[in-house]
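Dumped data15.cif below, it's mmCIF, N, CA and C atoms:
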```cif
data_data
#
loop_
_atom_site.label_atom_id
_atom_site.label_comp_id
_atom_site.auth_asym_id
_atom_site.auth_seq_id
_atom_site.Cartn_x
_atom_site.Cartn_y
_atom_site.Cartn_z
N MET F 1 105.08 91.74 71.58
CA MET F 1 106.14 92.74 71.72
C MET F 1 106.72 92.65 73.13
N SER F 2 108.03 92.69 73.21
CA SER F 2 108.70 92.64 74.51
C SER F 2 108.57 93.98 75.22
N GLU F 3 108.36 93.89 76.50
CA GLU F 3 108.25 95.09 77.32
C GLU F 3 109.60 95.43 77.94
N GLN F 4 109.79 96.69 78.24
CA GLN F 4 111.00 97.10 78.95
C GLN F 4 110.99 96.52 80.36
N ILE F 5 112.19 96.37 80.89
CA ILE F 5 112.40 95.83 82.23
C ILE F 5 113.17 96.88 83.03
N LEU F 6 112.80 97.08 84.29
CA LEU F 6 113.55 97.96 85.19
C LEU F 6 114.16 97.09 86.28
N THR F 7 115.46 97.24 86.47
CA THR F 7 116.11 96.59 87.60
C THR F 7 116.48 97.64 88.61
N GLU F 8 116.37 97.27 89.87
CA GLU F 8 116.76 98.16 90.95
C GLU F 8 117.66 97.35 91.89
N VAL F 9 118.90 97.79 91.98
CA VAL F 9 119.86 97.20 92.89
C VAL F 9 120.08 98.21 94.00
N SER F 10 119.88 97.80 95.25
CA SER F 10 119.97 98.75 96.36
C SER F 10 120.82 98.17 97.48
N ALA F 11 121.38 99.08 98.27
CA ALA F 11 122.21 98.67 99.41
C ALA F 11 122.41 99.86 100.33
N ILE F 12 122.72 99.56 101.58
CA ILE F 12 123.15 100.58 102.52
C ILE F 12 124.66 100.74 102.31
N VAL F 13 125.10 101.98 102.12
CA VAL F 13 126.51 102.27 101.89
C VAL F 13 127.02 103.11 103.05
N ALA F 14 128.13 102.70 103.62
CA ALA F 14 128.74 103.46 104.71
C ALA F 14 129.12 104.85 104.21
N PRO F 15 128.91 105.88 105.04
CA PRO F 15 129.21 107.25 104.61
C PRO F 15 130.62 107.43 104.05
N GLU F 16 131.58 106.74 104.63
CA GLU F 16 132.96 106.90 104.17
C GLU F 16 133.23 106.21 102.83
N ARG F 17 132.27 105.43 102.33
CA ARG F 17 132.42 104.75 101.04
C ARG F 17 131.55 105.35 99.94
N GLU F 18 130.71 106.33 100.28
CA GLU F 18 129.79 106.90 99.30
C GLU F 18 130.53 107.55 98.13
N ALA F 19 131.60 108.27 98.40
CA ALA F 19 132.37 108.91 97.32
C ALA F 19 132.96 107.86 96.39
N ASP F 20 133.39 106.72 96.96
CA ASP F 20 133.92 105.64 96.13
C ASP F 20 132.84 105.08 95.20
N LEU F 21 131.63 104.93 95.72
CA LEU F 21 130.52 104.43 94.91
C LEU F 21 130.22 105.40 93.77
N VAL F 22 130.12 106.67 94.08
CA VAL F 22 129.82 107.68 93.05
C VAL F 22 130.90 107.67 91.97
N ALA F 23 132.16 107.63 92.37
CA ALA F 23 133.26 107.62 91.40
C ALA F 23 133.22 106.37 90.52
N ALA F 24 132.97 105.22 91.13
CA ALA F 24 132.92 103.97 90.37
C ALA F 24 131.74 103.99 89.39
N TYR F 25 130.61 104.54 89.81
CA TYR F 25 129.45 104.63 88.93
C TYR F 25 129.75 105.55 87.75
N ARG F 26 130.36 106.69 88.02
CA ARG F 26 130.71 107.63 86.94
C ARG F 26 131.67 106.99 85.95
N ASP F 27 132.65 106.24 86.46
CA ASP F 27 133.57 105.53 85.57
C ASP F 27 132.82 104.51 84.72
N LEU F 28 131.89 103.81 85.35
CA LEU F 28 131.13 102.79 84.64
C LEU F 28 130.33 103.39 83.49
N VAL F 29 129.60 104.45 83.74
CA VAL F 29 128.74 105.02 82.70
C VAL F 29 129.54 105.79 81.65
N ALA F 30 130.79 106.11 81.95
CA ALA F 30 131.64 106.77 80.96
C ALA F 30 132.22 105.76 79.96
N SER F 31 132.12 104.48 80.29
CA SER F 31 132.62 103.43 79.40
C SER F 31 131.49 102.92 78.52
N ALA F 32 131.79 101.94 77.70
CA ALA F 32 130.77 101.35 76.83
C ALA F 32 129.74 100.61 77.69
N LEU F 33 128.49 100.98 77.52
CA LEU F 33 127.41 100.34 78.27
C LEU F 33 126.87 99.14 77.49
N PRO F 34 126.27 98.20 78.18
CA PRO F 34 125.76 97.01 77.50
C PRO F 34 124.68 97.34 76.47
N ALA F 35 124.64 96.57 75.41
CA ALA F 35 123.58 96.72 74.41
C ALA F 35 122.24 96.51 75.09
N GLY F 36 121.28 97.33 74.74
CA GLY F 36 119.94 97.19 75.30
C GLY F 36 119.69 97.98 76.56
N LEU F 37 120.74 98.63 77.10
CA LEU F 37 120.53 99.48 78.27
C LEU F 37 119.94 100.80 77.78
N VAL F 38 118.77 101.15 78.29
CA VAL F 38 118.06 102.36 77.86
C VAL F 38 118.45 103.54 78.73
N ARG F 39 118.49 103.33 80.04
CA ARG F 39 118.78 104.41 80.99
C ARG F 39 119.23 103.80 82.30
N THR F 40 120.14 104.49 82.98
CA THR F 40 120.55 104.08 84.32
C THR F 40 120.74 105.31 85.18
N ASP F 41 120.38 105.18 86.46
CA ASP F 41 120.49 106.29 87.40
C ASP F 41 121.01 105.78 88.73
N LEU F 42 121.89 106.56 89.35
CA LEU F 42 122.37 106.31 90.70
C LEU F 42 121.61 107.25 91.62
N LEU F 43 120.94 106.69 92.63
CA LEU F 43 120.08 107.46 93.52
C LEU F 43 120.55 107.33 94.96
N SER F 44 120.54 108.43 95.68
CA SER F 44 120.90 108.45 97.09
C SER F 44 119.66 108.77 97.91
N GLY F 45 119.44 108.00 98.96
CA GLY F 45 118.27 108.22 99.80
C GLY F 45 118.66 108.38 101.26
N ALA F 46 117.66 108.35 102.10
CA ALA F 46 117.86 108.53 103.54
C ALA F 46 118.58 107.33 104.14
N ASP F 47 119.25 107.58 105.24
CA ASP F 47 119.88 106.52 106.03
C ASP F 47 120.91 105.70 105.28
N GLY F 48 121.61 106.30 104.31
CA GLY F 48 122.65 105.59 103.59
C GLY F 48 122.16 104.62 102.54
N ARG F 49 120.86 104.64 102.23
CA ARG F 49 120.29 103.73 101.22
C ARG F 49 120.57 104.31 99.83
N TRP F 50 121.22 103.53 99.00
CA TRP F 50 121.54 103.89 97.62
C TRP F 50 120.87 102.90 96.68
N ARG F 51 120.56 103.36 95.45
CA ARG F 51 119.93 102.51 94.45
C ARG F 51 120.54 102.80 93.08
N ILE F 52 120.64 101.78 92.30
CA ILE F 52 120.94 101.94 90.88
C ILE F 52 119.73 101.36 90.15
N GLN F 53 119.02 102.23 89.46
CA GLN F 53 117.87 101.80 88.67
C GLN F 53 118.26 101.84 87.21
N THR F 54 117.97 100.76 86.52
CA THR F 54 118.34 100.64 85.11
C THR F 54 117.14 100.13 84.32
N VAL F 55 116.87 100.80 83.20
CA VAL F 55 115.82 100.37 82.29
C VAL F 55 116.50 99.65 81.12
N TRP F 56 115.99 98.45 80.84
CA TRP F 56 116.50 97.61 79.76
C TRP F 56 115.47 97.53 78.64
N ARG F 57 115.94 97.44 77.41
CA ARG F 57 115.05 97.36 76.24
C ARG F 57 114.05 96.21 76.39
N ASP F 58 114.52 95.07 76.89
CA ASP F 58 113.66 93.89 77.07
C ASP F 58 114.40 92.89 77.95
N SER F 59 113.74 91.78 78.25
CA SER F 59 114.34 90.79 79.13
C SER F 59 115.57 90.14 78.49
N ALA F 60 115.61 90.04 77.17
CA ALA F 60 116.78 89.46 76.50
C ALA F 60 118.02 90.33 76.74
N ALA F 61 117.86 91.64 76.70
CA ALA F 61 118.99 92.55 76.95
C ALA F 61 119.49 92.41 78.39
N LEU F 62 118.56 92.28 79.32
CA LEU F 62 118.94 92.09 80.72
C LEU F 62 119.69 90.77 80.90
N GLU F 63 119.17 89.70 80.31
CA GLU F 63 119.82 88.40 80.45
C GLU F 63 121.21 88.41 79.83
N ALA F 64 121.40 89.11 78.72
CA ALA F 64 122.72 89.20 78.10
C ALA F 64 123.70 89.93 79.03
N ALA F 65 123.24 90.99 79.68
CA ALA F 65 124.10 91.72 80.62
C ALA F 65 124.45 90.85 81.82
N ARG F 66 123.50 90.08 82.29
CA ARG F 66 123.75 89.18 83.43
C ARG F 66 124.76 88.09 83.07
N ALA F 67 124.79 87.70 81.80
CA ALA F 67 125.67 86.63 81.36
C ALA F 67 127.09 87.11 81.04
N ALA F 68 127.33 88.41 81.15
CA ALA F 68 128.66 88.95 80.85
C ALA F 68 129.71 88.29 81.75
N PRO F 69 130.95 88.17 81.25
CA PRO F 69 132.00 87.50 82.03
C PRO F 69 132.19 88.07 83.44
N ASP F 70 132.07 89.38 83.60
CA ASP F 70 132.24 90.01 84.92
C ASP F 70 130.94 90.03 85.72
N GLY F 71 129.86 89.54 85.13
CA GLY F 71 128.57 89.59 85.80
C GLY F 71 127.97 90.99 85.70
N PRO F 72 126.79 91.18 86.27
CA PRO F 72 126.14 92.48 86.20
C PRO F 72 126.90 93.53 87.01
N ALA F 73 126.96 94.74 86.46
CA ALA F 73 127.79 95.79 87.04
C ALA F 73 127.25 96.36 88.34
N ALA F 74 125.95 96.60 88.43
CA ALA F 74 125.41 97.29 89.61
C ALA F 74 125.68 96.54 90.92
N PRO F 75 125.39 95.25 90.99
CA PRO F 75 125.70 94.55 92.25
C PRO F 75 127.19 94.57 92.57
N ARG F 76 128.01 94.47 91.54
CA ARG F 76 129.46 94.50 91.74
C ARG F 76 129.91 95.83 92.34
N LEU F 77 129.35 96.94 91.86
CA LEU F 77 129.72 98.25 92.40
C LEU F 77 129.44 98.32 93.90
N PHE F 78 128.28 97.82 94.30
CA PHE F 78 127.94 97.83 95.73
C PHE F 78 128.86 96.91 96.54
N ARG F 79 129.11 95.72 96.02
CA ARG F 79 130.01 94.81 96.74
C ARG F 79 131.41 95.41 96.88
N ASP F 80 131.87 96.11 95.84
CA ASP F 80 133.21 96.72 95.88
C ASP F 80 133.35 97.79 96.96
N VAL F 81 132.23 98.35 97.43
CA VAL F 81 132.30 99.33 98.52
C VAL F 81 131.85 98.71 99.84
N GLY F 82 131.84 97.38 99.90
CA GLY F 82 131.56 96.68 101.15
C GLY F 82 130.10 96.56 101.52
N SER F 83 129.20 96.69 100.53
CA SER F 83 127.77 96.61 100.80
C SER F 83 127.19 95.31 100.27
N ASP F 84 126.03 94.95 100.80
CA ASP F 84 125.32 93.73 100.41
C ASP F 84 124.12 94.13 99.54
N PRO F 85 124.26 94.02 98.21
CA PRO F 85 123.19 94.50 97.32
C PRO F 85 121.97 93.59 97.29
N LYS F 86 120.83 94.20 97.11
CA LYS F 86 119.55 93.50 96.92
C LYS F 86 119.03 93.87 95.53
N LEU F 87 118.48 92.90 94.82
CA LEU F 87 117.99 93.11 93.46
C LEU F 87 116.49 92.96 93.40
N ALA F 88 115.84 93.86 92.67
CA ALA F 88 114.42 93.74 92.34
C ALA F 88 114.28 93.97 90.84
N VAL F 89 113.38 93.22 90.21
CA VAL F 89 113.15 93.32 88.77
C VAL F 89 111.67 93.62 88.55
N PHE F 90 111.40 94.59 87.68
CA PHE F 90 110.03 95.03 87.41
C PHE F 90 109.78 95.06 85.91
N ASP F 91 108.58 94.70 85.50
CA ASP F 91 108.13 94.93 84.13
C ASP F 91 107.63 96.37 84.06
N VAL F 92 108.07 97.11 83.06
CA VAL F 92 107.60 98.49 82.89
C VAL F 92 106.27 98.42 82.15
N MET F 93 105.23 98.83 82.84
CA MET F 93 103.88 98.75 82.29
C MET F 93 103.39 100.07 81.71
N GLY F 94 104.14 101.12 81.95
CA GLY F 94 103.81 102.43 81.41
C GLY F 94 104.88 103.41 81.84
N SER F 95 105.00 104.50 81.12
CA SER F 95 105.95 105.55 81.49
C SER F 95 105.45 106.87 80.92
N GLY F 96 106.03 107.93 81.39
CA GLY F 96 105.64 109.26 80.93
C GLY F 96 106.72 110.26 81.24
N GLY F 97 106.44 111.48 80.95
CA GLY F 97 107.40 112.55 81.20
C GLY F 97 107.45 113.50 80.02
N ALA F 98 108.10 114.59 80.25
CA ALA F 98 108.27 115.59 79.21
C ALA F 98 109.29 115.10 78.20
N SER F 99 109.04 115.35 76.94
CA SER F 99 110.02 114.99 75.92
C SER F 99 110.33 116.21 75.09
N GLY F 100 111.61 116.40 74.89
CA GLY F 100 112.04 117.49 74.05
C GLY F 100 111.98 118.86 74.67
N GLU F 101 111.68 118.96 75.96
CA GLU F 101 111.64 120.26 76.61
C GLU F 101 113.01 120.65 77.13
N SER F 102 113.34 121.90 77.04
CA SER F 102 114.59 122.39 77.59
C SER F 102 114.42 122.67 79.06
N PRO F 103 115.48 122.47 79.86
CA PRO F 103 115.37 122.75 81.30
C PRO F 103 115.14 124.22 81.59
#
```
Using the file provided, produce a representation of the structure as structure tokens.
Amino acid sequence: MSEQILTEVSAIVAPEREADLVAAYRDLVASALPAGLVRTDLLSGADGRWRIQTVWRDSAALEAARAAPDGPAAPRLFRDVGSDPKLAVFDVMGSGGASGESP
């Protein structure tokens, strides 16, 4: 059985470009997402460090997204705001959390 894959694309984003990144990410997730994408999150951290973490159904889904004509979206979003993205790929070995609970 194929395991889920988590990709994390991160970069330092200049403060004056952060709003552009957030807007571009919102536009991206409002459109049709690639097949096999389970979840994606845009995260803001200290010192201008931003991350896009995405969980993929399996490695085949990730490879299909990478092979898209425009290439993978997360690195492109960072490059479009003048940042140099770094990619890390992880095998998801376990997960947890509340399911079906109301906030």
Residues returned when the PyMOL selection byres (((chain F and resi 12 and name CA) around 7) and name CA) runs on this file, as a PyMOL selection string: chain F and resi 11+13-14+48-50+83
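Closest approach to Leu6 in chain F among F:Leu21, F:Val55, F:Met93, F:Leu42 is made by F:Val55 (distances from only C-alpha atoms).
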Report as a PDB file with N, CA and C atoms, keeping the file's coordinate frame the residues that result from applying the PyMOL selection byres ((chain F and resi 7) around 6) to the structure here.
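part.pdb written:
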```pdb
ATOM      1  N   ILE F   5     112.190  96.370  80.890  1.00  0.00           N
ATOM      2  CA  ILE F   5     112.400  95.830  82.230  1.00  0.00           C
ATOM      3  C   ILE F   5     113.170  96.880  83.030  1.00  0.00           C
ATOM      4  N   LEU F   6     112.800  97.080  84.290  1.00  0.00           N
ATOM      5  CA  LEU F   6     113.550  97.960  85.190  1.00  0.00           C
ATOM      6  C   LEU F   6     114.160  97.090  86.280  1.00  0.00           C
ATOM      7  N   GLU F   8     116.370  97.270  89.870  1.00  0.00           N
ATOM      8  CA  GLU F   8     116.760  98.160  90.950  1.00  0.00           C
ATOM      9  C   GLU F   8     117.660  97.350  91.890  1.00  0.00           C
ATOM     10  N   VAL F   9     118.900  97.790  91.980  1.00  0.00           N
ATOM     11  CA  VAL F   9     119.860  97.200  92.890  1.00  0.00           C
ATOM     12  C   VAL F   9     120.080  98.210  94.000  1.00  0.00           C
ATOM     13  N   ILE F  52     120.640 101.780  92.300  1.00  0.00           N
ATOM     14  CA  ILE F  52     120.940 101.940  90.880  1.00  0.00           C
ATOM     15  C   ILE F  52     119.730 101.360  90.150  1.00  0.00           C
ATOM     16  N   GLN F  53     119.020 102.230  89.460  1.00  0.00           N
ATOM     17  CA  GLN F  53     117.870 101.800  88.670  1.00  0.00           C
ATOM     18  C   GLN F  53     118.260 101.840  87.210  1.00  0.00           C
ATOM     19  N   THR F  54     117.970 100.760  86.520  1.00  0.00           N
ATOM     20  CA  THR F  54     118.340 100.640  85.110  1.00  0.00           C
ATOM     21  C   THR F  54     117.140 100.130  84.320  1.00  0.00           C
ATOM     22  N   VAL F  55     116.870 100.800  83.200  1.00  0.00           N
ATOM     23  CA  VAL F  55     115.820 100.370  82.290  1.00  0.00           C
ATOM     24  C   VAL F  55     116.500  99.650  81.120  1.00  0.00           C
ATOM     25  N   TRP F  56     115.990  98.450  80.840  1.00  0.00           N
ATOM     26  CA  TRP F  56     116.500  97.610  79.760  1.00  0.00           C
ATOM     27  C   TRP F  56     115.470  97.530  78.640  1.00  0.00           C
ATOM     28  N   ALA F  88     115.840  93.860  92.670  1.00  0.00           N
ATOM     29  CA  ALA F  88     114.420  93.740  92.340  1.00  0.00           C
ATOM     30  C   ALA F  88     114.280  93.970  90.840  1.00  0.00           C
ATOM     31  N   VAL F  89     113.380  93.220  90.210  1.00  0.00           N
ATOM     32  CA  VAL F  89     113.150  93.320  88.770  1.00  0.00           C
ATOM     33  C   VAL F  89     111.670  93.620  88.550  1.00  0.00           C
ATOM     34  N   PHE F  90     111.400  94.590  87.680  1.00  0.00           N
ATOM     35  CA  PHE F  90     110.030  95.030  87.410  1.00  0.00           C
ATOM     36  C   PHE F  90     109.780  95.060  85.910  1.00  0.00           C
TER      37      PHE F  90
END
```
Selection result of the PyMOL selection byres (((chain F and resi 25 and name CA) around 12) and name CA) on this file, as a ChimeraX atom specification: /F:18-24,26-31,33,40-43,50-53,73-78,80-81
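For the choices F:Arg57, F:Asp84, F:Arg79, F:Gly96, the atom-to-atom distance to Val38 in chain F is smallest for F:Arg57 when using only N, CA and C atoms.
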Could you pull the residues within 8 Å of range 59-68 of chain F, counting only N, CA and C atoms, minus those fewer than 5 positions along the same chain, as an mmCIF file with N, CA and C atoms, in the frame of the given file?
```
data_model
loop_
_atom_site.group_PDB
_atom_site.id
_atom_site.type_symbol
_atom_site.label_atom_id
_atom_site.label_comp_id
_atom_site.auth_asym_id
_atom_site.auth_seq_id
_atom_site.Cartn_x
_atom_site.Cartn_y
_atom_site.Cartn_z
ATOM 1 N N SER F 2 108.030 92.690 73.210
ATOM 2 C CA SER F 2 108.700 92.640 74.510
ATOM 3 C C SER F 2 108.570 93.980 75.220
ATOM 4 N N GLU F 3 108.360 93.890 76.500
ATOM 5 C CA GLU F 3 108.250 95.090 77.320
ATOM 6 C C GLU F 3 109.600 95.430 77.940
ATOM 7 N N GLN F 4 109.790 96.690 78.240
ATOM 8 C CA GLN F 4 111.000 97.100 78.950
ATOM 9 C C GLN F 4 110.990 96.520 80.360
ATOM 10 N N ILE F 5 112.190 96.370 80.890
ATOM 11 C CA ILE F 5 112.400 95.830 82.230
ATOM 12 C C ILE F 5 113.170 96.880 83.030
ATOM 13 N N PRO F 34 126.270 98.200 78.180
ATOM 14 C CA PRO F 34 125.760 97.010 77.500
ATOM 15 C C PRO F 34 124.680 97.340 76.470
ATOM 16 N N ALA F 35 124.640 96.570 75.410
ATOM 17 C CA ALA F 35 123.580 96.720 74.410
ATOM 18 C C ALA F 35 122.240 96.510 75.090
ATOM 19 N N GLY F 36 121.280 97.330 74.740
ATOM 20 C CA GLY F 36 119.940 97.190 75.300
ATOM 21 C C GLY F 36 119.690 97.980 76.560
ATOM 22 N N LEU F 37 120.740 98.630 77.100
ATOM 23 C CA LEU F 37 120.530 99.480 78.270
ATOM 24 C C LEU F 37 119.940 100.800 77.780
ATOM 25 N N ALA F 73 126.960 94.740 86.460
ATOM 26 C CA ALA F 73 127.790 95.790 87.040
ATOM 27 C C ALA F 73 127.250 96.360 88.340
#
```
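From atom N of Arg39 in chain F back to CA of Ser10 in chain F, the distance works out to 17.0 Å.
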In chain F, DSSP strand (DSSP E or B) residues written as an MDAnalysis selection string: chainID F and resid 5:12 37:44 49:56 86:91
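Going from CA of Ala32 in chain F over to CA of Asp70 in chain F, you cover 14.0 Å.
One distance worth recording is that between atom C of Asp47 in chain F and CA of Pro72 in chain F, which is 23.8 Å.
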